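Colleague: Below is model.cif; it holds mmCIF, C-alpha atoms.
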data_data
loop_
_atom_site.label_atom_id
_atom_site.label_comp_id
_atom_site.auth_asym_id
_atom_site.auth_seq_id
_atom_site.Cartn_x
_atom_site.Cartn_y
_atom_site.Cartn_z
CA MET A 4 205.04 -41.14 -11.44
CA LYS A 5 202.04 -39.25 -10.14
CA THR A 6 199.02 -38.66 -12.35
CA VAL A 7 196.77 -35.67 -12.90
CA VAL A 8 193.57 -35.85 -14.97
CA ILE A 9 192.10 -32.60 -16.27
CA THR A 10 188.90 -32.31 -18.28
CA GLY A 11 188.27 -29.52 -20.76
CA ALA A 12 191.99 -28.81 -20.86
CA SER A 13 192.79 -27.68 -24.40
CA LYS A 14 192.29 -23.97 -23.58
CA GLY A 15 191.86 -21.45 -20.79
CA ILE A 16 191.92 -22.56 -17.17
CA GLY A 17 192.24 -26.27 -17.98
CA LYS A 18 195.29 -25.72 -20.16
CA ALA A 19 196.86 -23.48 -17.51
CA ILE A 20 196.34 -26.21 -14.90
CA ALA A 21 198.04 -28.75 -17.16
CA LYS A 22 201.01 -26.40 -17.48
CA ALA A 23 201.16 -25.84 -13.73
CA PHE A 24 201.48 -29.57 -13.05
CA ALA A 25 203.90 -30.05 -15.94
CA GLU A 26 206.19 -27.51 -14.26
CA MET A 27 206.74 -30.02 -11.45
CA ASN A 28 208.08 -32.65 -13.91
CA GLN A 29 207.75 -36.44 -13.78
CA TRP A 30 203.96 -36.46 -14.02
CA ASN A 31 201.48 -38.41 -16.09
CA ILE A 32 199.26 -35.65 -17.46
CA ILE A 33 195.96 -36.84 -18.93
CA ILE A 34 193.70 -34.27 -20.56
CA CYS A 35 190.57 -34.32 -22.66
CA ALA A 36 188.52 -31.89 -24.74
CA ARG A 37 186.09 -31.98 -27.64
CA ASN A 38 188.45 -30.58 -30.28
CA THR A 39 191.21 -32.95 -31.39
CA THR A 40 193.22 -30.24 -33.14
CA ASP A 41 193.28 -28.03 -30.05
CA LEU A 42 194.27 -31.00 -27.89
CA GLN A 43 197.23 -31.83 -30.11
CA ALA A 44 198.37 -28.21 -30.16
CA THR A 45 198.19 -28.05 -26.37
CA LYS A 46 200.14 -31.29 -26.02
CA GLU A 47 202.89 -30.10 -28.38
CA GLU A 48 203.15 -26.73 -26.63
CA ILE A 49 203.42 -28.14 -23.11
CA ILE A 50 205.73 -31.03 -24.02
CA GLY A 51 207.94 -28.54 -25.82
CA GLN A 52 208.31 -26.55 -22.60
CA TYR A 53 208.28 -29.43 -20.11
CA PRO A 54 209.52 -32.63 -21.79
CA ASN A 55 209.98 -34.65 -18.59
CA ASN A 56 206.34 -35.69 -18.36
CA ASN A 57 204.11 -38.30 -19.95
CA PHE A 58 201.28 -36.57 -21.79
CA TYR A 59 198.05 -38.25 -22.93
CA THR A 60 195.17 -36.63 -24.82
CA TYR A 61 191.67 -37.94 -25.50
CA THR A 62 188.88 -36.44 -27.56
CA VAL A 63 185.78 -36.54 -25.36
CA ASP A 64 182.42 -34.78 -25.31
CA MET A 65 181.89 -34.56 -21.57
CA SER A 66 178.18 -33.85 -22.00
CA ILE A 67 177.68 -37.48 -23.09
CA LYS A 68 177.75 -40.02 -20.25
CA GLU A 69 178.94 -42.90 -22.42
CA GLN A 70 181.96 -40.90 -23.58
CA VAL A 71 182.76 -39.89 -19.99
CA LEU A 72 182.73 -43.51 -18.85
CA ASP A 73 184.81 -44.57 -21.86
CA PHE A 74 187.34 -41.86 -20.96
CA ALA A 75 187.44 -43.18 -17.39
CA GLN A 76 188.20 -46.68 -18.67
CA LYS A 77 191.01 -45.34 -20.87
CA ILE A 78 192.50 -43.67 -17.79
CA LYS A 79 192.39 -46.96 -15.88
CA ASP A 80 194.01 -48.75 -18.82
CA THR A 81 196.81 -46.16 -18.94
CA VAL A 82 197.82 -45.56 -15.31
CA GLU A 83 197.63 -47.46 -12.03
CA THR A 84 196.72 -44.50 -9.85
CA VAL A 85 195.21 -41.03 -10.14
CA ASP A 86 196.56 -38.50 -7.65
CA VAL A 87 194.68 -35.41 -8.84
CA LEU A 88 191.37 -35.12 -10.68
CA VAL A 89 190.35 -31.70 -11.97
CA ASN A 90 186.74 -31.51 -13.16
CA ASN A 91 187.07 -28.45 -15.33
CA ALA A 92 184.95 -29.19 -18.41
CA GLY A 93 182.11 -26.74 -18.73
CA VAL A 94 179.96 -24.67 -21.03
CA PHE A 95 178.55 -21.17 -20.53
CA ILE A 96 175.56 -19.98 -22.53
CA PRO A 97 174.07 -16.76 -21.15
CA GLY A 98 170.33 -16.31 -20.92
CA ALA A 99 167.45 -15.71 -18.55
CA ILE A 100 165.53 -18.76 -17.31
CA SER A 101 162.26 -17.51 -18.82
CA GLU A 102 163.83 -16.74 -22.20
CA GLU A 103 166.64 -19.20 -22.90
CA LYS A 104 166.24 -21.85 -25.58
CA GLU A 105 164.72 -25.23 -24.78
CA GLY A 106 167.41 -27.71 -23.80
CA GLN A 107 169.90 -25.23 -22.32
CA LEU A 108 169.42 -26.55 -18.81
CA GLU A 109 169.95 -30.15 -19.90
CA LEU A 110 173.09 -29.26 -21.89
CA MET A 111 174.70 -27.31 -19.07
CA MET A 112 173.74 -29.81 -16.38
CA ASN A 113 175.18 -32.63 -18.50
CA THR A 114 178.43 -30.75 -19.15
CA ASN A 115 178.94 -28.80 -15.94
CA LEU A 116 177.60 -31.26 -13.34
CA TYR A 117 176.94 -34.78 -14.59
CA SER A 118 180.35 -35.08 -16.27
CA ALA A 119 182.07 -34.38 -12.94
CA TYR A 120 179.72 -36.75 -11.11
CA HIS A 121 180.24 -39.68 -13.47
CA LEU A 122 184.00 -39.26 -13.91
CA THR A 123 184.62 -38.81 -10.19
CA ARG A 124 182.61 -41.91 -9.35
CA ALA A 125 184.64 -43.88 -11.87
CA ILE A 126 188.00 -42.64 -10.56
CA LEU A 127 187.31 -42.75 -6.81
CA PRO A 128 187.96 -46.52 -6.44
CA MET A 129 191.57 -45.88 -7.52
CA MET A 130 191.95 -43.13 -4.91
CA LYS A 131 190.25 -45.21 -2.22
CA GLU A 132 192.63 -48.08 -2.83
CA GLN A 133 195.67 -45.84 -2.34
CA GLN A 134 193.91 -43.89 0.47
CA SER A 135 194.91 -40.58 -1.04
CA GLY A 136 194.00 -38.21 -3.84
CA HIS A 137 192.71 -34.74 -4.49
CA VAL A 138 189.57 -33.78 -6.42
CA PHE A 139 189.21 -30.21 -7.67
CA ASN A 140 185.84 -29.13 -8.99
CA ILE A 141 185.94 -25.93 -11.03
CA CYS A 142 182.80 -24.15 -9.97
CA SER A 143 182.30 -20.39 -10.34
CA VAL A 144 181.42 -17.30 -8.35
CA ALA A 145 178.08 -17.98 -10.06
CA SER A 146 177.88 -20.99 -7.72
CA LYS A 147 177.22 -18.59 -4.84
CA ILE A 148 175.59 -15.50 -6.33
CA ALA A 149 172.73 -15.29 -8.81
CA TYR A 150 173.72 -13.07 -11.71
CA PRO A 151 171.39 -11.48 -14.27
CA ASN A 152 171.39 -13.53 -17.46
CA GLY A 153 173.00 -16.41 -15.61
CA GLY A 154 170.06 -18.75 -16.18
CA SER A 155 170.82 -22.44 -16.42
CA TYR A 156 174.57 -21.83 -16.13
CA SER A 157 174.14 -20.57 -12.57
CA ILE A 158 171.82 -23.47 -11.77
CA SER A 159 174.43 -25.99 -12.93
CA LYS A 160 177.23 -24.27 -11.03
CA PHE A 161 175.20 -24.06 -7.81
CA ALA A 162 174.66 -27.81 -8.20
CA LEU A 163 178.37 -28.47 -8.80
CA LEU A 164 179.25 -26.66 -5.58
CA GLY A 165 176.69 -28.80 -3.75
CA PHE A 166 178.24 -31.93 -5.24
CA SER A 167 181.67 -30.78 -4.02
CA LYS A 168 180.44 -30.19 -0.48
CA VAL A 169 178.78 -33.59 -0.24
CA LEU A 170 181.85 -35.32 -1.71
CA ARG A 171 184.11 -33.52 0.74
CA GLU A 172 182.14 -34.87 3.69
CA GLU A 173 182.11 -38.41 2.31
CA MET A 174 185.84 -38.48 1.53
CA LYS A 175 187.07 -36.97 4.82
CA PRO A 176 187.80 -40.31 6.55
CA LEU A 177 189.33 -41.85 3.43
CA GLY A 178 192.33 -39.54 3.01
CA ILE A 179 190.92 -37.98 -0.17
CA ARG A 180 190.82 -34.19 -0.33
CA VAL A 181 188.12 -32.25 -2.16
CA THR A 182 188.38 -28.59 -3.13
CA SER A 183 185.80 -26.35 -4.78
CA VAL A 184 187.34 -23.65 -6.99
CA LEU A 185 185.16 -20.59 -7.62
CA PRO A 186 186.83 -18.23 -10.11
CA GLY A 187 185.40 -14.90 -11.12
CA ALA A 188 185.88 -13.46 -14.60
CA THR A 189 188.98 -15.06 -16.14
CA TRP A 190 190.41 -14.60 -19.62
CA SER A 191 189.25 -17.60 -21.65
CA ASP A 192 187.18 -18.35 -24.74
CA SER A 193 184.06 -17.29 -22.83
CA TRP A 194 185.37 -13.72 -22.79
CA LYS A 195 186.98 -13.75 -26.23
CA GLY A 196 186.45 -10.50 -28.11
CA VAL A 197 185.28 -8.52 -25.07
CA ASP A 198 186.50 -4.91 -25.22
CA LEU A 199 188.08 -4.67 -21.78
CA PRO A 200 191.64 -3.98 -20.61
CA GLU A 201 193.64 -7.12 -19.85
CA SER A 202 193.91 -6.11 -16.19
CA ARG A 203 190.12 -6.15 -15.71
CA LEU A 204 189.95 -9.97 -15.73
CA MET A 205 192.09 -12.56 -14.01
CA GLN A 206 194.55 -14.71 -15.91
CA ALA A 207 193.98 -18.45 -16.18
CA HIS A 208 197.48 -18.83 -14.74
CA ASP A 209 196.25 -17.25 -11.48
CA VAL A 210 193.64 -19.98 -11.00
CA ALA A 211 196.09 -22.74 -11.96
CA GLN A 212 198.72 -21.63 -9.47
CA MET A 213 196.17 -21.57 -6.65
CA ILE A 214 195.21 -25.14 -7.48
CA LYS A 215 198.83 -26.23 -7.59
CA SER A 216 199.62 -24.55 -4.26
CA THR A 217 196.55 -26.12 -2.66
CA TYR A 218 197.58 -29.57 -3.85
CA LEU A 219 201.08 -29.10 -2.40
CA LEU A 220 199.82 -28.62 1.15
CA SER A 221 200.54 -31.46 3.55
CA PRO A 222 198.04 -34.36 3.48
CA SER A 223 196.68 -33.24 6.86
CA ALA A 224 195.43 -29.92 5.43
CA VAL A 225 192.84 -29.07 2.82
CA VAL A 226 191.52 -25.85 1.35
CA GLU A 227 187.81 -26.56 1.00
CA ASP A 228 186.88 -23.53 -1.11
CA ILE A 229 188.95 -21.19 -3.27
CA ILE A 230 187.23 -17.96 -4.30
CA LEU A 231 189.15 -15.73 -6.71
CA ARG A 232 187.90 -12.48 -8.19
CA PRO A 233 189.40 -9.74 -10.33
CA GLN A 234 190.90 -7.06 -8.13
CA LEU A 235 188.25 -4.57 -9.34
CA GLY A 236 185.42 -7.01 -8.63
CA ASP A 237 182.99 -9.09 -10.61
CA LEU A 238 181.71 -8.14 -14.05
#
Can you present the structure in this file as structure tokens?
Modeller:
Amino acid sequence: MKTVVITGASKGIGKAIAKAFAEMNQWNIIICARNTTDLQATKEEIIGQYPNNNFYTYTVDMSIKEQVLDFAQKIKDTVETVDVLVNNAGVFIPGAISEEKEGQLELMMNTNLYSAYHLTRAILPMMKEQQSGHVFNICSVASKIAYPNGGSYSISKFALLGFSKVLREEMKPLGIRVTSVLPGATWSDSWKGVDLPESRLMQAHDVAQMIKSTYLLSPSAVVEDIILRPQLGDL
């Protein structure tokens, strides 16, 4: 069975990605998040719809390096190979650089960048051994454009896109594909309670299906960057 690992997957885009891979059946699906209750609910929901998969959940705070590395070891103890790694865990706290609270940069760099760096480094030996694999890094349109009130979030997402580009170059000769995913405004907890029509933002399902389709390309092709925006533009 093939294996997909998705971080921050109890809600929103991460959960939608888990569903998209579960649709293909006969997968080991490994997800993590900070909230154990949400993880269990997600597992029960997806297994109920797609029972022909193995589903593993782990409670992990991806902002803490030790927990990230412990999660990586649990993955290695559970499966022999990882075919897809989706670095999706992230946190968004709006604020201007000159006004945001002390520690915001460190928190968002730890969660949005360092978690992907440490987990990817831990998983890459498995992909190198099999000379195949696909790493998806969930960046943001804020990785390319500076938005007002973006602050440290934008800094961390610019850095994540840089990490993706460097990794892509390094993995080219090894048969490992790397894709940066840059979604615009998507319905998730970050937009919960916003008074906007449903059509104004993208659905998490839209992002998940793009990732699935990109993975299903032949091994000789890779989509390096996926940029998705609401039809009416950014918010």
Colleague: Expanded to explicit residues, what is the PyMOL selection byres ((chain A and resi 161) around 12) for this file, as an NGL selection string?
Modeller: :A and (111-112 or 115-116 or 140-150 or 153-160 or 162-168 or 183 or 185)
Colleague: Considering only C-alpha atoms, tabulate each residue of range 17-40 of chain A that lies at most 9 Å from range 76-96 of chain A along with its nearest interatomic pair and the corresponding distance in Å to one decimal; arrange the rows by chain and ascending residue number and present them as JSON lines.
Modeller:
{"residue": "A:Gly17", "atom": "CA", "partner": "A:Asn91", "partner_atom": "CA", "distance": 6.2}
{"residue": "A:Ile20", "atom": "CA", "partner": "A:Val89", "partner_atom": "CA", "distance": 8.6}
{"residue": "A:Asn31", "atom": "CA", "partner": "A:Val82", "partner_atom": "CA", "distance": 8.1}
{"residue": "A:Ile33", "atom": "CA", "partner": "A:Ile78", "partner_atom": "CA", "distance": 7.7}
{"residue": "A:Cys35", "atom": "CA", "partner": "A:Ala92", "partner_atom": "CA", "distance": 8.7}
{"residue": "A:Ala36", "atom": "CA", "partner": "A:Ala92", "partner_atom": "CA", "distance": 7.8}
Colleague: Determine, counting all atoms listed in the file, which protein, DNA and RNA residues have an atom within 12 Å of an atom of Met27 in chain A; residues of the same chain fewer than 3 positions away are not included. Present the result as a ChimeraX atom specification.
Modeller: /A:4-7,20-24,30-32,52-56,212,215-216,218-219
Colleague: Go through the shown structure with the PyMOL selection byres ((chain A and resi 41) around 12) and write out the matching residues as a list in words.
Modeller: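 Those residues are Gly11, Ala12, Ser13, Lys14, Gly15, Lys18, Ile34, Cys35, Ala36, Arg37, Asn38, Thr39, Thr40, Leu42, Gln43, Ala44, Thr45, Lys46, Glu47, Glu48, Thr60, Tyr61 and Thr62 of chain A.
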Colleague: Enclose the full set of atoms of range 43-46 of chain A listed in the file within a box whose edges lie along x, y and z, apply 3 Å of padding to each of the six sides, and report centre and edge lengths in Å to one decimal as lines of an AutoDock Vina configuration file.
Modeller:
center_x = 198.7
center_y = -29.9
center_z = -28.1
size_x = 8.9
size_y = 9.8
size_z = 10.1
Colleague: CA of Glu227 in chain A to CA of Ala211 in chain A: how many Å, to one decimal?
Modeller: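 Answer for the CA of Glu227 in chain A to CA of Ala211 in chain A separation: 15.8 Å.
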Colleague: Could you check which of A:Leu122, A:Leu238, A:Ile50, A:Ile179 is closest to Val71 in chain A, using all atoms listed in the file?
Modeller: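 That would be A:Leu122, the residue with the smallest distance to Val71 in chain A.
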Colleague: Got a sec: who's within 8 Å of Arg171 in chain A, counting all atoms listed in the file, leaving out chain neighbours fewer than 6 positions off, as a ChimeraX atom specification?
Modeller: /A:180-182,227
Colleague: Would you list the contacts of Pro233 in chain A as a PyMOL selection string, taking every protein, DNA or RNA residue within 7 Å and counting all atoms listed in the file, but skipping same-chain residues closer than 4 positions in sequence?
Modeller: chain A and resi 187-188+203-205+237
Colleague: Out of A:Thr114, A:Asn28, A:Gln206, A:Gln107, which residue has the shortest atom-to-atom distance to Asp64 in chain A when counting all atoms listed in the file?
Modeller: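 Of the candidates, the smallest distance to Asp64 in chain A is held by A:Thr114.
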Colleague: Enter the distance from CA of Ala207 in chain A to CA of Ser191 in chain A, in Å, rounded to one decimal.
Modeller: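 About the pair CA of Ala207 in chain A and CA of Ser191 in chain A: they are 7.3 Å apart.
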Colleague: Considering all atoms listed in the file, state which residue in the set A:Gln70, A:Gly51, A:Val210, A:Ser118 is at the smallest distance from Thr10 in chain A.
Modeller: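 Once distances to Thr10 in chain A are computed over all atoms listed in the file, the minimum belongs to A:Ser118.
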Colleague: Which residue gives the smallest distance to Val138 in chain A among A:Ala224, A:Leu72, A:Ile9, A:Leu110, with all atoms listed in the file counted?
Modeller: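 Answer, going by the shortest atom-to-atom distance: A:Ile9.
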Colleague: Tell me, in Å to one decimal, how far CA of Arg124 in chain A is from CA of Gln29 in chain A.
Modeller: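 Between CA of Arg124 in chain A and CA of Gln29 in chain A the gap works out to 26.1 Å.
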Colleague: Compare A:His208, A:His121, A:Lys104, A:Lys131 by their minimum atom-to-atom distance to Leu231 in chain A, counting only C-alpha atoms, and give me the closest one.
Modeller: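 Ranked by minimum distance to Leu231 in chain A, first place goes to A:His208.
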